[in-house]
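Student: Got upload.pdb for you, PDB, C-alpha atoms:
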```pdb
ATOM      1  CA  MET A1337     -24.473   6.246  24.172
ATOM      2  CA  THR A1338     -21.935   9.017  24.434
ATOM      3  CA  PRO A1339     -20.959  10.696  21.172
ATOM      4  CA  ARG A1340     -17.315   9.774  21.813
ATOM      5  CA  GLY A1341     -17.997   6.060  21.474
ATOM      6  CA  ALA A1342     -18.466   3.071  23.717
ATOM      7  CA  ALA A1343     -19.576   3.152  27.366
ATOM      8  CA  PRO A1344     -16.845   3.151  30.056
ATOM      9  CA  TRP A1345     -17.490  -0.413  31.232
ATOM     10  CA  LEU A1346     -17.316  -1.615  27.644
ATOM     11  CA  ARG A1347     -14.056   0.234  27.045
ATOM     12  CA  PHE A1348     -12.593  -1.247  30.191
ATOM     13  CA  SER A1349     -13.489  -4.804  29.245
ATOM     14  CA  VAL A1350     -12.200  -4.310  25.689
ATOM     15  CA  ALA A1351      -8.929  -2.930  27.102
ATOM     16  CA  LEU A1352      -8.657  -5.887  29.466
ATOM     17  CA  LEU A1353      -9.237  -8.380  26.654
ATOM     18  CA  LEU A1354      -6.672  -6.648  24.437
ATOM     19  CA  VAL A1355      -4.050  -6.611  27.210
ATOM     20  CA  GLY A1356      -4.631 -10.356  27.471
ATOM     21  CA  MET A1357      -4.253 -10.726  23.701
ATOM     22  CA  PHE A1358      -1.071  -8.615  23.739
ATOM     23  CA  ALA A1359       0.411 -10.706  26.551
ATOM     24  CA  ALA A1360      -0.394 -13.997  24.828
ATOM     25  CA  LEU A1361       1.028 -12.880  21.469
ATOM     26  CA  ALA A1362       4.109 -11.296  23.102
ATOM     27  CA  TRP A1363       4.715 -14.598  24.877
ATOM     28  CA  VAL A1364       4.608 -16.338  21.499
ATOM     29  CA  LEU A1365       7.030 -13.769  20.011
ATOM     30  CA  LEU A1366       9.461 -14.143  22.918
ATOM     31  CA  GLY A1367       9.307 -17.909  22.550
ATOM     32  CA  LEU A1368      10.348 -17.836  18.883
ATOM     33  CA  PRO A1369      13.891 -19.019  18.171
ATOM     34  CA  PRO A1370      16.144 -15.925  18.442
ATOM     35  CA  ARG A1371      18.017 -16.874  15.277
ATOM     36  CA  SER A1372      16.161 -18.158  12.292
ATOM     37  CA  ALA A1373      17.025 -17.802   8.635
ATOM     38  CA  GLY A1374      13.405 -18.216   7.542
ATOM     39  CA  LEU A1375      13.158 -18.672   3.793
ATOM     40  CA  GLN A1376      16.418 -16.802   3.135
ATOM     41  CA  PRO A1377      18.473 -19.955   2.249
ATOM     42  CA  GLN A1378      15.819 -21.169  -0.221
ATOM     43  CA  VAL A1379      15.712 -17.747  -1.902
ATOM     44  CA  ALA A1380      19.528 -17.533  -1.986
ATOM     45  CA  ALA A1381      19.721 -20.998  -3.587
ATOM     46  CA  GLN A1382      17.362 -19.962  -6.417
ATOM     47  CA  MET A1383      18.808 -16.483  -7.059
ATOM     48  CA  ALA A1384      20.801 -17.749 -10.064
ATOM     49  CA  VAL A1385      17.622 -18.550 -12.022
ATOM     50  CA  SER A1386      15.654 -15.427 -10.986
ATOM     51  CA  GLY A1387      17.071 -13.021 -13.590
ATOM     52  CA  VAL A1388      17.823 -10.287 -11.013
ATOM     53  CA  ASP A1389      20.439  -9.789  -8.303
ATOM     54  CA  HIS A1390      18.312  -8.455  -5.451
ATOM     55  CA  PRO A1391      16.472 -11.056  -3.350
ATOM     56  CA  VAL A1392      13.422  -8.851  -2.550
ATOM     57  CA  THR A1393      12.888  -8.063  -6.251
ATOM     58  CA  ALA A1394      13.348 -11.747  -7.099
ATOM     59  CA  VAL A1395      10.681 -12.717  -4.542
ATOM     60  CA  LEU A1396       8.298  -9.957  -5.644
ATOM     61  CA  LEU A1397       8.468 -10.367  -9.400
ATOM     62  CA  ASN A1398       9.528 -13.976  -9.834
ATOM     63  CA  PHE A1399       9.146 -16.433  -6.938
ATOM     64  CA  ARG A1400       5.911 -14.928  -5.644
ATOM     65  CA  GLY A1401       4.820 -13.253  -8.867
ATOM     66  CA  TYR A1402       1.204 -14.246  -8.278
ATOM     67  CA  ASP A1403       1.112 -12.122  -5.112
ATOM     68  CA  THR A1404       2.336  -9.052  -6.950
ATOM     69  CA  LEU A1405       0.017  -9.649  -9.913
ATOM     70  CA  LEU A1406      -3.016  -9.912  -7.647
ATOM     71  CA  GLU A1407      -1.816  -6.947  -5.606
ATOM     72  CA  MET A1408      -1.815  -4.826  -8.789
ATOM     73  CA  ALA A1409      -5.371  -6.042  -9.390
ATOM     74  CA  VAL A1410      -6.335  -5.003  -5.827
ATOM     75  CA  LEU A1411      -4.930  -1.530  -6.491
ATOM     76  CA  LEU A1412      -7.019  -1.274  -9.668
ATOM     77  CA  LEU A1413     -10.101  -2.506  -7.779
ATOM     78  CA  ALA A1414      -9.623   0.155  -5.093
ATOM     79  CA  CYS A1415      -9.449   2.795  -7.825
ATOM     80  CA  LEU A1416     -12.619   1.418  -9.459
ATOM     81  CA  GLY A1417     -14.326   1.492  -6.063
ATOM     82  CA  VAL A1418     -13.382   5.127  -5.491
ATOM     83  CA  TRP A1419     -14.532   6.108  -8.992
ATOM     84  CA  SER A1420     -17.852   4.320  -8.672
ATOM     85  CA  LEU A1421     -18.640   6.007  -5.361
ATOM     86  CA  SER A1422     -18.351   9.623  -6.389
ATOM     87  CA  PRO A1423     -17.170  12.074  -9.034
ATOM     88  CA  ALA A1424     -13.841  13.792  -8.439
ATOM     89  CA  VAL A1425     -13.709  16.534  -5.855
ATOM     90  CA  PRO A1426     -14.268  19.743  -7.863
ATOM     91  CA  PRO A1427     -11.097  21.816  -8.035
ATOM     92  CA  THR A1428     -11.033  25.170  -6.277
ATOM     93  CA  ASP A1429     -10.382  28.331  -8.242
ATOM     94  CA  GLU A1430      -7.617  29.436  -5.905
ATOM     95  CA  THR A1431      -4.341  30.223  -7.612
ATOM     96  CA  PRO A1432      -1.289  29.247  -5.559
ATOM     97  CA  GLY A1433       1.234  31.871  -4.473
ATOM     98  CA  ALA A1434       4.515  32.412  -6.328
ATOM     99  CA  MET A1435       6.502  30.104  -4.030
ATOM    100  CA  LEU A1436       3.934  27.324  -4.156
ATOM    101  CA  ALA A1437       3.691  27.584  -7.939
ATOM    102  CA  ALA A1438       7.483  27.440  -8.338
ATOM    103  CA  LEU A1439       8.112  24.574  -5.908
ATOM    104  CA  PRO A1440       6.568  21.704  -7.901
ATOM    105  CA  ARG A1441       8.276  22.897 -11.072
ATOM    106  CA  GLN A1442      11.601  22.336  -9.342
ATOM    107  CA  LEU A1443      10.645  19.174  -7.474
ATOM    108  CA  VAL A1444       8.542  17.131  -9.892
ATOM    109  CA  PRO A1445      11.241  16.626 -12.577
ATOM    110  CA  LEU A1446      13.614  15.488  -9.821
ATOM    111  CA  MET A1447      10.975  13.102  -8.476
ATOM    112  CA  VAL A1448      10.398  11.611 -11.931
ATOM    113  CA  LEU A1449      14.165  11.147 -12.294
ATOM    114  CA  MET A1450      14.273   9.565  -8.822
ATOM    115  CA  ALA A1451      11.456   7.190  -9.750
ATOM    116  CA  GLY A1452      13.345   6.112 -12.863
ATOM    117  CA  TYR A1453      16.503   5.540 -10.835
ATOM    118  CA  LEU A1454      14.664   3.510  -8.180
ATOM    119  CA  LEU A1455      13.076   1.382 -10.889
ATOM    120  CA  TRP A1456      16.458   0.647 -12.490
ATOM    121  CA  ARG A1457      18.113   0.129  -9.127
ATOM    122  CA  GLY A1458      15.590  -2.586  -8.185
ATOM    123  CA  ALA A1459      17.470  -5.232 -10.184
ATOM    124  CA  THR A1460      20.531  -5.036  -7.928
ATOM    125  CA  GLY A1461      19.519  -3.338  -4.673
ATOM    126  CA  PRO A1462      16.624  -1.957  -2.651
ATOM    127  CA  GLY A1463      14.224  -0.325  -5.104
ATOM    128  CA  GLY A1464      11.811  -1.392  -7.789
ATOM    129  CA  ALA A1465       8.306  -0.804  -9.067
ATOM    130  CA  PHE A1466       6.650  -0.044  -5.725
ATOM    131  CA  GLN A1467       9.217   2.470  -4.562
ATOM    132  CA  ALA A1468       9.249   4.121  -7.982
ATOM    133  CA  GLY A1469       5.438   4.124  -8.038
ATOM    134  CA  ALA A1470       5.284   5.679  -4.574
ATOM    135  CA  VAL A1471       7.607   8.525  -5.633
ATOM    136  CA  LEU A1472       5.619   9.068  -8.860
ATOM    137  CA  GLY A1473       2.372   9.041  -6.888
ATOM    138  CA  ALA A1474       3.801  11.586  -4.444
ATOM    139  CA  ALA A1475       4.789  13.801  -7.381
ATOM    140  CA  GLY A1476       1.224  13.576  -8.708
ATOM    141  CA  VAL A1477      -0.288  14.418  -5.321
ATOM    142  CA  LEU A1478       2.130  17.348  -4.963
ATOM    143  CA  LEU A1479       1.027  18.659  -8.371
ATOM    144  CA  LEU A1480      -2.652  18.298  -7.482
ATOM    145  CA  LEU A1481      -2.113  20.056  -4.151
ATOM    146  CA  THR A1482      -0.383  23.018  -5.776
ATOM    147  CA  GLY A1483      -3.088  23.817  -8.278
ATOM    148  CA  TRP A1484      -2.299  21.568 -11.236
ATOM    149  CA  ARG A1485      -5.364  20.014 -12.853
ATOM    150  CA  LEU A1486      -5.535  16.853 -14.876
ATOM    151  CA  PRO A1487      -6.045  18.067 -18.487
ATOM    152  CA  VAL A1488      -9.446  17.084 -19.865
ATOM    153  CA  ARG A1489      -7.986  15.147 -22.788
ATOM    154  CA  TRP A1490      -6.061  12.974 -20.301
ATOM    155  CA  GLN A1491      -9.149  12.137 -18.272
ATOM    156  CA  GLY A1492     -10.604   9.644 -20.761
ATOM    157  CA  TRP A1493      -9.050   6.538 -22.237
ATOM    158  CA  ARG A1494      -5.477   7.799 -21.721
ATOM    159  CA  LEU A1495      -5.822   7.783 -17.940
ATOM    160  CA  ARG A1496      -7.585   4.405 -18.012
ATOM    161  CA  LEU A1497      -4.838   2.944 -20.197
ATOM    162  CA  LEU A1498      -2.186   4.121 -17.710
ATOM    163  CA  LEU A1499      -4.188   2.628 -14.827
ATOM    164  CA  ILE A1500      -4.400  -0.839 -16.384
ATOM    165  CA  ALA A1501      -0.933  -0.828 -18.029
ATOM    166  CA  GLY A1502       0.774  -2.520 -15.058
ATOM    167  CA  VAL A1503      -1.625  -5.368 -14.480
ATOM    168  CA  GLY A1504      -2.199  -5.717 -18.238
ATOM    169  CA  MET A1505       1.507  -6.135 -19.019
ATOM    170  CA  PHE A1506       1.857  -8.514 -16.063
ATOM    171  CA  VAL A1507      -0.939 -10.756 -17.404
ATOM    172  CA  LEU A1508       0.419 -10.572 -20.966
ATOM    173  CA  VAL A1509       3.906 -11.651 -19.844
ATOM    174  CA  ALA A1510       2.441 -14.341 -17.571
ATOM    175  CA  LEU A1511       0.585 -15.823 -20.553
ATOM    176  CA  ALA A1512       3.361 -15.239 -23.080
ATOM    177  CA  VAL A1513       5.849 -17.398 -21.162
ATOM    178  CA  VAL A1514       3.483 -20.379 -20.960
ATOM    179  CA  PRO A1515       4.622 -21.984 -24.276
ATOM    180  CA  ALA A1516       8.289 -21.705 -23.248
ATOM    181  CA  SER A1517       8.095 -22.889 -19.642
ATOM    182  CA  GLY A1518       4.732 -24.617 -19.336
ATOM    183  CA  VAL A1519       3.566 -22.551 -16.348
ATOM    184  CA  LEU A1520       2.156 -19.069 -15.792
ATOM    185  CA  LEU A1521       4.829 -16.538 -14.791
ATOM    186  CA  GLY A1522       7.628 -19.079 -15.357
ATOM    187  CA  TYR A1523      10.102 -16.736 -17.038
ATOM    188  CA  PRO A1524      12.737 -18.496 -19.184
ATOM    189  CA  LEU A1525      16.136 -17.639 -17.705
ATOM    190  CA  PRO A1526      17.770 -15.834 -20.685
ATOM    191  CA  VAL A1527      14.996 -13.199 -20.833
ATOM    192  CA  ALA A1528      13.905 -13.217 -17.168
ATOM    193  CA  GLY A1529      15.750  -9.991 -16.302
ATOM    194  CA  THR A1530      14.336  -8.134 -19.310
ATOM    195  CA  LEU A1531      10.786  -9.352 -18.671
ATOM    196  CA  ILE A1532      11.008  -8.339 -15.003
ATOM    197  CA  LEU A1533      12.254  -4.867 -15.948
ATOM    198  CA  LEU A1534       9.448  -4.525 -18.520
ATOM    199  CA  ILE A1535       6.788  -5.514 -15.960
ATOM    200  CA  GLU A1536       8.329  -3.269 -13.320
ATOM    201  CA  ALA A1537       8.469  -0.241 -15.606
ATOM    202  CA  LEU A1538       4.767  -0.410 -16.458
ATOM    203  CA  ALA A1539       3.785  -1.513 -12.937
ATOM    204  CA  GLY A1540       5.662   1.450 -11.443
ATOM    205  CA  LEU A1541       3.949   3.834 -13.849
ATOM    206  CA  SER A1542       0.536   2.309 -13.097
ATOM    207  CA  ILE A1543       1.085   2.402  -9.322
ATOM    208  CA  GLY A1544       2.086   6.067  -9.476
ATOM    209  CA  VAL A1545      -0.869   7.035 -11.674
ATOM    210  CA  THR A1546      -3.279   4.961  -9.545
ATOM    211  CA  LEU A1547      -2.133   6.642  -6.326
ATOM    212  CA  MET A1548      -2.641  10.033  -7.975
ATOM    213  CA  ALA A1549      -6.046   8.956  -9.323
ATOM    214  CA  LEU A1550      -7.078   7.789  -5.838
ATOM    215  CA  PHE A1551      -6.182  11.241  -4.555
ATOM    216  CA  LEU A1552      -8.667  12.784  -6.994
ATOM    217  CA  GLY A1553     -11.330  11.265  -4.716
ATOM    218  CA  GLY A1554     -13.553  10.055  -7.539
ATOM    219  CA  GLU A1555     -13.928   9.697 -11.276
ATOM    220  CA  PRO A1556     -12.458  12.746 -13.028
ATOM    221  CA  GLY A1557     -14.829  14.502 -15.379
ATOM    222  CA  ALA A1558     -17.892  12.628 -14.100
ATOM    223  CA  SER A1559     -20.982  14.443 -12.902
ATOM    224  CA  ARG A1560     -23.409  13.198 -10.330
TER     225      ARG A1560
ATOM    226  CA  MET B 712      15.588 -10.425  24.309
ATOM    227  CA  SER B 713      17.204  -9.513  21.009
ATOM    228  CA  VAL B 714      16.678  -6.178  19.256
ATOM    229  CA  ALA B 715      14.618  -7.895  16.538
ATOM    230  CA  VAL B 716      12.181  -9.303  19.104
ATOM    231  CA  LEU B 717      11.978  -5.908  20.835
ATOM    232  CA  TYR B 718      10.886  -4.349  17.532
ATOM    233  CA  ALA B 719       8.417  -7.192  16.971
ATOM    234  CA  VAL B 720       6.855  -6.665  20.429
ATOM    235  CA  THR B 721       6.631  -2.918  19.660
ATOM    236  CA  GLY B 722       4.774  -3.795  16.460
ATOM    237  CA  LEU B 723       2.451  -6.012  18.462
ATOM    238  CA  GLY B 724       1.824  -3.099  20.844
ATOM    239  CA  LEU B 725       0.908  -0.819  17.915
ATOM    240  CA  PHE B 726      -1.442  -3.513  16.605
ATOM    241  CA  SER B 727      -3.167  -3.837  20.000
ATOM    242  CA  LEU B 728      -3.540  -0.047  20.418
ATOM    243  CA  GLY B 729      -5.007   0.199  16.921
ATOM    244  CA  LEU B 730      -7.431  -2.657  17.583
ATOM    245  CA  TYR B 731      -8.590  -0.944  20.797
ATOM    246  CA  ALA B 732      -9.339   2.296  18.953
ATOM    247  CA  LEU B 733     -11.019   0.393  16.098
ATOM    248  CA  ILE B 734     -13.464  -1.233  18.539
ATOM    249  CA  VAL B 735     -14.047   1.638  20.958
ATOM    250  CA  ARG B 736     -14.101   4.787  18.812
ATOM    251  CA  ALA B 737     -17.264   5.600  16.887
ATOM    252  CA  HIS B 738     -15.883   8.279  14.550
ATOM    253  CA  LEU B 739     -15.127   6.592  11.236
ATOM    254  CA  LEU B 740     -11.975   8.651  10.581
ATOM    255  CA  ARG B 741     -10.599   7.373  13.884
ATOM    256  CA  LYS B 742     -11.429   3.828  12.800
ATOM    257  CA  ILE B 743      -9.560   4.338   9.506
ATOM    258  CA  LEU B 744      -6.547   5.725  11.401
ATOM    259  CA  ALA B 745      -6.765   2.779  13.795
ATOM    260  CA  LEU B 746      -6.687   0.325  10.889
ATOM    261  CA  ASN B 747      -3.591   2.067   9.518
ATOM    262  CA  ILE B 748      -1.842   1.852  12.887
ATOM    263  CA  MET B 749      -2.725  -1.848  13.087
ATOM    264  CA  GLY B 750      -1.264  -2.344   9.619
ATOM    265  CA  SER B 751       1.942  -0.523  10.555
ATOM    266  CA  GLY B 752       2.229  -2.790  13.595
ATOM    267  CA  VAL B 753       1.932  -5.886  11.411
ATOM    268  CA  PHE B 754       4.564  -4.533   8.994
ATOM    269  CA  LEU B 755       6.920  -3.860  11.923
ATOM    270  CA  VAL B 756       6.444  -7.420  13.224
ATOM    271  CA  LEU B 757       7.162  -8.868   9.766
ATOM    272  CA  THR B 758      10.318  -6.832   9.116
ATOM    273  CA  ALA B 759      11.581  -7.409  12.668
ATOM    274  CA  LEU B 760      11.162 -11.175  12.442
ATOM    275  CA  ALA B 761      12.889 -11.175   9.027
ATOM    276  CA  ARG B 762      15.962  -9.664  10.748
ATOM    277  CA  ARG B 763      16.560 -12.821  12.799
ATOM    278  CA  ALA B 764      18.651 -14.388  10.023
ATOM    279  CA  PRO B 765      21.916 -15.506  11.667
ATOM    280  CA  ASP B 766      24.281 -13.869   9.198
ATOM    281  CA  GLY B 767      23.973 -12.332   5.798
ATOM    282  CA  PRO B 768      20.915 -10.506   4.483
ATOM    283  CA  PRO B 769      17.526 -10.656   6.228
ATOM    284  CA  ASP B 770      14.790 -12.991   4.983
ATOM    285  CA  PRO B 771      13.511 -11.332   1.768
ATOM    286  CA  VAL B 772      10.054 -12.963   1.733
ATOM    287  CA  PRO B 773       8.522 -10.923   4.609
ATOM    288  CA  HIS B 774      10.098  -7.786   3.094
ATOM    289  CA  ALA B 775       8.339  -8.466  -0.216
ATOM    290  CA  MET B 776       5.059  -9.031   1.648
ATOM    291  CA  VAL B 777       5.459  -5.709   3.483
ATOM    292  CA  ILE B 778       6.124  -3.818   0.223
ATOM    293  CA  THR B 779       2.932  -5.127  -1.363
ATOM    294  CA  GLY B 780       1.106  -4.651   1.939
ATOM    295  CA  ILE B 781       1.987  -0.953   2.160
ATOM    296  CA  VAL B 782       0.608  -0.236  -1.313
ATOM    297  CA  VAL B 783      -2.583  -2.200  -0.595
ATOM    298  CA  ALA B 784      -2.965  -0.347   2.726
ATOM    299  CA  VAL B 785      -2.694   3.038   0.982
ATOM    300  CA  ALA B 786      -5.254   2.008  -1.646
ATOM    301  CA  ALA B 787      -7.628   0.609   0.985
ATOM    302  CA  THR B 788      -7.301   3.820   3.022
ATOM    303  CA  ALA B 789      -8.217   5.909  -0.018
ATOM    304  CA  LEU B 790     -11.294   3.736  -0.638
ATOM    305  CA  ALA B 791     -12.244   3.969   3.060
ATOM    306  CA  LEU B 792     -11.915   7.767   3.009
ATOM    307  CA  VAL B 793     -14.199   8.048  -0.033
ATOM    308  CA  LEU B 794     -16.704   5.734   1.688
ATOM    309  CA  LEU B 795     -16.484   7.959   4.779
ATOM    310  CA  ARG B 796     -17.226  11.032   2.677
ATOM    311  CA  ARG B 797     -20.205   9.228   1.186
ATOM    312  CA  VAL B 798     -21.497   8.267   4.660
ATOM    313  CA  VAL B 799     -21.199  11.903   5.783
ATOM    314  CA  GLU B 800     -23.041  13.122   2.675
ATOM    315  CA  THR B 801     -25.819  10.561   3.159
ATOM    316  CA  THR B 802     -26.378  10.624   6.927
ATOM    317  CA  GLY B 803     -24.776  13.930   7.918
ATOM    318  CA  GLN B 804     -22.725  12.124  10.540
ATOM    319  CA  PRO B 805     -19.193  10.708  10.434
ATOM    320  CA  ARG B 806     -20.282   7.521  12.207
ATOM    321  CA  LEU B 807     -22.362   4.472  11.445
ATOM    322  CA  PRO B 808     -25.998   4.625  12.614
ATOM    323  CA  ASP B 809     -26.450   3.100  16.065
ATOM    324  CA  PRO B 810     -29.311   0.556  16.163
ATOM    325  CA  ASP B 811     -29.723   0.966  19.971
ATOM    326  CA  SER B 812     -30.501   4.653  19.862
ATOM    327  CA  GLU B 813     -33.473   4.379  17.490
TER     328      GLU B 813
END
```
Please lay out the structure from this file as structure tokens.
Tutor:
Amino acid sequence: MTPRGAAPWLRFSVALLLVGMFAALAWVLLGLPPRSAGLQPQVAAQMAVSGVDHPVTAVLLNFRGYDTLLEMAVLLLACLGVWSLSPAVPPTDETPGAMLAALPRQLVPLMVLMAGYLLWRGATGPGGAFQAGAVLGAAGVLLLLTGWRLPVRWQGWRLRLLLIAGVGMFVLVALAVVPASGVLLGYPLPVAGTLILLIEALAGLSIGVTLMALFLGGEPGASR
Amino acid sequence: MSVAVLYAVTGLGLFSLGLYALIVRAHLLRKILALNIMGSGVFLVLTALARRAPDGPPDPVPHAMVITGIVVAVAATALALVLLRRVVETTGQPRLPDPDSE
């Protein structure tokens, strides 16, 4: 076998099969009705009881809350997987140049502000926990790339608490609303908006910290 | 063919290209990249099909699925990269052992 991968005849037959698959699926796509509202009318009809004004946020945190809850759990699982496979990549002793050291000091506060704005904005427009978490995560990665190191006292239970805060708050709220509504994640209307904002705030924080922790490439402070 | 369907077919093309590389390439980093391209193709199909709503906003349900999907894809990629590093440390090669060559 060549080091580059499969043999030429194999590649050719795979390509042929995939062209067939592409053609069949494209035919299906072209045959779909050109105008279809999908689930948009159902979502629009229920917006009044969702507690927020933006349909995507309503779907994410209310109508399909289970999806988002389990997705937070998947994120935590991925982090556990990375930590169990190896200790964190040891930091280099290189000190960044003056420009590189100054850049994150200007950018990171702005990114934190941006994350807060996106989180708040999610109730009425595009935005929310995932966008805020992505910006926070990017800020963390930027810091790690420019020579910042996670302080040792933050590597223990503090980091773990931040990692589980999102999914933990989600589960707590899901259980806490059971006496009022009879079902998991069935937010009572008067407090739905507040509960969603509370979940989103901690979920955004957890997503950002998890993305940064994934970038560490392993468990910080662990030795092999 | 509407613009939405054109985008959807483009997404399908990305998915097919990614699947080809996933099957044919042996280097694990290429496989991880291929999986990411496949995922991007699926996201493009979902958002494009959501845009077919006759008037008013697009269908929010596929959008919500794409948002969660992107975060899961990033997390899965990080896990895959750490696994790749572990494979390289263990076998010295960035590819899975080939049973035929032994």
Student: Between A:Leu1511, A:Leu1525, A:Leu1478, A:Ala1414, which one has atoms that come closest to chain B, using all atoms listed in the file?
Tutor: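 Among A:Leu1511, A:Leu1525, A:Leu1478, A:Ala1414, it is A:Ala1414 that comes nearest to chain B.
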Student: Do you know which residues the PyMOL selection byres ((chain B) within 9 of (chain A)) returns on this file, as a PyMOL selection string?
Tutor: chain B and resi 712-713+715-717+719-720+723-724+726-728+730-731+734-738+760-766+768-776+778-780+782-783+785-787+789-794+797+809+811-812
Student: Residues at most 10 Å from Gln804 in chain B, counting all atoms listed in the file, excluding those fewer than 5 positions away in the same chain, as a list of chain:residue names?
Tutor: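 After dropping sequence-adjacent residues, the list is B:His738, B:Leu739, B:Leu795, B:Arg796, B:Val798, B:Val799.
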Student: With distances taken over only C-alpha atoms, which of A:Leu1541, A:Ala1384, A:Val1444, A:Leu1405 is nearest to Leu1521 in chain A?
Tutor: A:Leu1405
Student: Grab the CA of Ala1468 in chain A to CA of Leu1454 in chain A distance for me, in Å with one decimal place.
Tutor: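 Computing it gives 5.5 Å between the two atoms.
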Student: In Å, with one decimal, what is the gap from CA of Arg1496 in chain A to CA of Leu1531 in chain A?
Tutor: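 Separation of CA of Arg1496 in chain A and CA of Leu1531 in chain A: 23.0 Å.
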Student: Find, counting all atoms listed in the file, the residue in B:Thr788, B:Gly803, B:Pro808, B:Gly767 that gets nearest to Leu746 in chain B.
Tutor: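 Ranked by minimum distance to Leu746 in chain B, first place goes to B:Thr788.
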Student: Any idea what's packed within 8 Å of range 1480-1490 of chain A, counting all atoms listed in the file, ignoring anything in its chain fewer than 4 positions away? Could you give it as a ChimeraX atom specification?
Tutor: /A:1427,1430-1432,1436-1437,1440,1476,1494-1495,1557
Student: For the atom pair CA of Gly1540 in chain A and CA of Ala1465 in chain A, what is the interatomic distance in Å to one decimal place?
Tutor: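 So the answer is 4.2 Å.
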Student: Which residues, written as an NGL selection string, have at least one atom at most 12 Å from Leu1533 in chain A, with all atoms listed in the file counted and residues fewer than 2 positions away on the same chain left out?
Tutor: :A and (1387-1388 or 1393-1394 or 1397-1398 or 1452 or 1454-1460 or 1463-1465 or 1502 or 1505-1506 or 1509 or 1527-1531 or 1535-1540)
Student: Please determine, counting only C-alpha atoms, which residue among A:Ala1451, A:Ala1558, A:Val1514, A:Leu1443 has the shortest atom-to-atom distance to Pro1426 in chain A.
Tutor: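 Looking only at the distances to Pro1426 in chain A, the closest residue turns out to be A:Ala1558.
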Student: With distances taken over all atoms listed in the file, which residue among B:Gly722, B:Pro805, B:Pro810, B:Gly729 lies nearest Phe754 in chain B?
Tutor: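 Ranked by minimum distance to Phe754 in chain B, first place goes to B:Gly722.
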